[in-house]
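A.B. asks: Once you've had a glance at the structure underneath, I'll fire off some questions.
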Amino acid sequence: MKKILLVDDHNIVRQGLRNLIELESDLEVAGEAASGLEAIKLVRNNQYDAIVMDIAMPDKNGVDTLHDLRHVAPELPVLILSGYGEEQYALNLMRSGCKGYLSKDADSDEIIKAIRTVANGKRYISAELAELMTNELSNPSEKLLHETLSDREFQVFFKLASGLSATEIGEELCISVKTVSTYRTRIMEKMSLKTNADLTYYAIKNQLIS
């Protein structure tokens, strides 16, 4: 029996996933968390075979939580199940260590297939993600600008675009303001942008934040 941790700030989503999983003889919901911080606490104190996690959450979003989980439980596979489509976050988060990415629009059979695949230690590549990965390999020059960022750069980008100051970002990521500024400079150079407002506009335009 594979033990699954559900991480989503919407109770109705967690309940819907629980109802789906409870129909399967080889899967069980062994824990639920409504935030990234709660998820990390549960992982420190319990054993799970996989995590199913959203991106948009209070106190610690899925991008940050995924990064922290790599240090807390590096072997624990994570499936991102998000309201954002594959074309927005999937490639970045796969590079950051998640084992699979699905939109919440996916049908129930595919969601269960993805959970089972990830819980068995394998990557789950949806048809949409496979097409994105193929396009990336075939046309590397056509990458979206945010897809050129490293794991840490993407974290900082996401926070800058959300309106956080360098001081706030430094406190959240436990790095110095100077280091945040260094990341910001790299991000601006890679994305050919000049101001934080440009970052926010880009993120909104590409539906990375709402």
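A note on labels: chains of the structure tokens are A, B, ... as shown, every chain counts residues from 1, and ligands are counted from 1 in their shown order.
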Taking only range 15-162 of chain A into account, list the residues labelled helix (DSSP H, G or I) by DSSP (computed from the backbone), as a PyMOL selection string.

C.D. replies: chain A and resi 15-21+36-45+62-72+86-95+108-119+127-138+140-142+145-148+151-161

A.B. asks: Hey, which bits of range 104-201 of chain A sit within 10 Å of range 57-72 of chain A, and for each residue what's the closest pair of atoms and how far apart in Å (one decimal), counting only C-alpha atoms, rows by chain and increasing number, as CSV?

C.D. replies:
```
residue,atom,partner,partner_atom,distance
A:Asp151,CA,A:His67,CA,8.1
A:Arg152,CA,A:His67,CA,8.5
A:Phe154,CA,A:Val63,CA,8.6
A:Gln155,CA,A:Val63,CA,6.6
A:Val156,CA,A:Asp64,CA,9.6
A:Phe158,CA,A:Val63,CA,8.5
A:Lys159,CA,A:Asp64,CA,9.7
A:Glu172,CA,A:Lys60,CA,9.0
A:Leu173,CA,A:Asp64,CA,8.5
```

A.B. asks: Keeping N, CA and C atoms for every residue in the selection just given, could you write it to a file as a PDB file, in the first residue's frame?

C.D. replies:
```
ATOM      1  N   ASP A 151      17.073  26.674 -11.009  1.00  0.00           N
ATOM      2  CA  ASP A 151      16.128  26.410  -9.932  1.00  0.00           C
ATOM      3  C   ASP A 151      16.037  27.601  -8.973  1.00  0.00           C
ATOM      4  N   ARG A 152      17.179  28.043  -8.455  1.00  0.00           N
ATOM      5  CA  ARG A 152      17.197  29.131  -7.475  1.00  0.00           C
ATOM      6  C   ARG A 152      16.789  30.455  -8.112  1.00  0.00           C
ATOM      7  N   PHE A 154      14.735  30.822 -10.548  1.00  0.00           N
ATOM      8  CA  PHE A 154      13.286  30.789 -10.742  1.00  0.00           C
ATOM      9  C   PHE A 154      12.555  31.098  -9.437  1.00  0.00           C
ATOM     10  N   GLN A 155      13.074  30.584  -8.333  1.00  0.00           N
ATOM     11  CA  GLN A 155      12.500  30.902  -7.021  1.00  0.00           C
ATOM     12  C   GLN A 155      12.494  32.399  -6.773  1.00  0.00           C
ATOM     13  N   VAL A 156      13.664  33.029  -6.995  1.00  0.00           N
ATOM     14  CA  VAL A 156      13.795  34.463  -6.748  1.00  0.00           C
ATOM     15  C   VAL A 156      12.932  35.251  -7.733  1.00  0.00           C
ATOM     16  N   PHE A 158      10.136  34.329  -9.104  1.00  0.00           N
ATOM     17  CA  PHE A 158       8.739  34.182  -8.699  1.00  0.00           C
ATOM     18  C   PHE A 158       8.403  35.157  -7.568  1.00  0.00           C
ATOM     19  N   LYS A 159       9.325  35.306  -6.624  1.00  0.00           N
ATOM     20  CA  LYS A 159       9.089  36.184  -5.481  1.00  0.00           C
ATOM     21  C   LYS A 159       9.164  37.661  -5.873  1.00  0.00           C
ATOM     22  N   GLU A 172      13.071  34.838   3.626  1.00  0.00           N
ATOM     23  CA  GLU A 172      12.350  33.607   3.307  1.00  0.00           C
ATOM     24  C   GLU A 172      13.292  32.498   2.829  1.00  0.00           C
ATOM     25  N   LEU A 173      14.324  32.877   2.086  1.00  0.00           N
ATOM     26  CA  LEU A 173      15.229  31.877   1.518  1.00  0.00           C
ATOM     27  C   LEU A 173      16.502  31.698   2.348  1.00  0.00           C
TER      28      LEU A 173
END
```

A.B. asks: Give me the residues near Ile112 in chain A as a count of residues only, where near means some atom within 8 Å (using only C-alpha atoms) and where sequence neighbours in that chain fewer than 4 positions away do not count.

C.D. replies: 4

A.B. asks: Determine which residues of range 12-94 of chain A receive a DSSP assignment of strand (DSSP E), computed from the backbone, and state them as an MDAnalysis selection string.

C.D. replies: chainID A and resid 27:33 50:53 78:82

A.B. asks: Taking 2 positions as the minimum chain separation for residues in the same chain, which residues sit within 9 Å of Leu102 in chain A when counting only C-alpha atoms? Answer as JSON, numbers by chain.

C.D. replies: {"A": [79, 80, 81, 82, 83, 84, 85, 86, 90, 100, 104, 105, 106, 110, 111, 114, 124, 125, 126, 128, 129]}

A.B. asks: So which one's closest to Gly121 in chain A, A:Glu153, A:Ala50, A:Ile187, A:Lys41? Using only C-alpha atoms, please.

C.D. replies: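 Checking each candidate against Gly121 in chain A, we get A:Ala50 as the closest.
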
A.B. asks: Give the answer as one residue: which of A:Met188, A:Leu37, A:Leu42, A:Leu76 has the shortest atom-to-atom distance to Asn120 in chain A, using only C-alpha atoms?

C.D. replies: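 For Asn120 in chain A, the nearest of the given residues is A:Leu76.
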
A.B. asks: Tell me, in Å to one decimal, how far CA of Ala39 in chain A is from CA of Val7 in chain A.

C.D. replies: 6.5 Å

A.B. asks: Using only C-alpha atoms, I'd like a table of the residues in range 75-182 of chain A that come within 10 Å of range 190-204 of chain A; for each, show the closest atom pair and its distance in Å rounded to one decimal, ordered by chain and ascending number, as a Markdown table.

C.D. replies:
```
| residue | atom | partner | partner_atom | distance |
| --- | --- | --- | --- | --- |
| A:Gln88 | CA | A:Ala203 | CA | 9.7 |
| A:Leu144 | CA | A:Met191 | CA | 9.1 |
| A:Leu145 | CA | A:Met191 | CA | 5.4 |
| A:His146 | CA | A:Met191 | CA | 7.1 |
| A:Glu147 | CA | A:Met191 | CA | 9.6 |
| A:Thr148 | CA | A:Lys190 | CA | 7.2 |
| A:Leu149 | CA | A:Lys190 | CA | 7.4 |
| A:Phe157 | CA | A:Leu199 | CA | 7.5 |
| A:Phe158 | CA | A:Ala203 | CA | 8.0 |
| A:Lys159 | CA | A:Thr200 | CA | 9.5 |
| A:Leu160 | CA | A:Asn196 | CA | 6.4 |
| A:Ala161 | CA | A:Thr200 | CA | 4.1 |
| A:Ser162 | CA | A:Thr200 | CA | 6.6 |
| A:Gly163 | CA | A:Thr200 | CA | 7.6 |
| A:Leu164 | CA | A:Asn196 | CA | 9.7 |
| A:Ser165 | CA | A:Asn196 | CA | 9.7 |
```
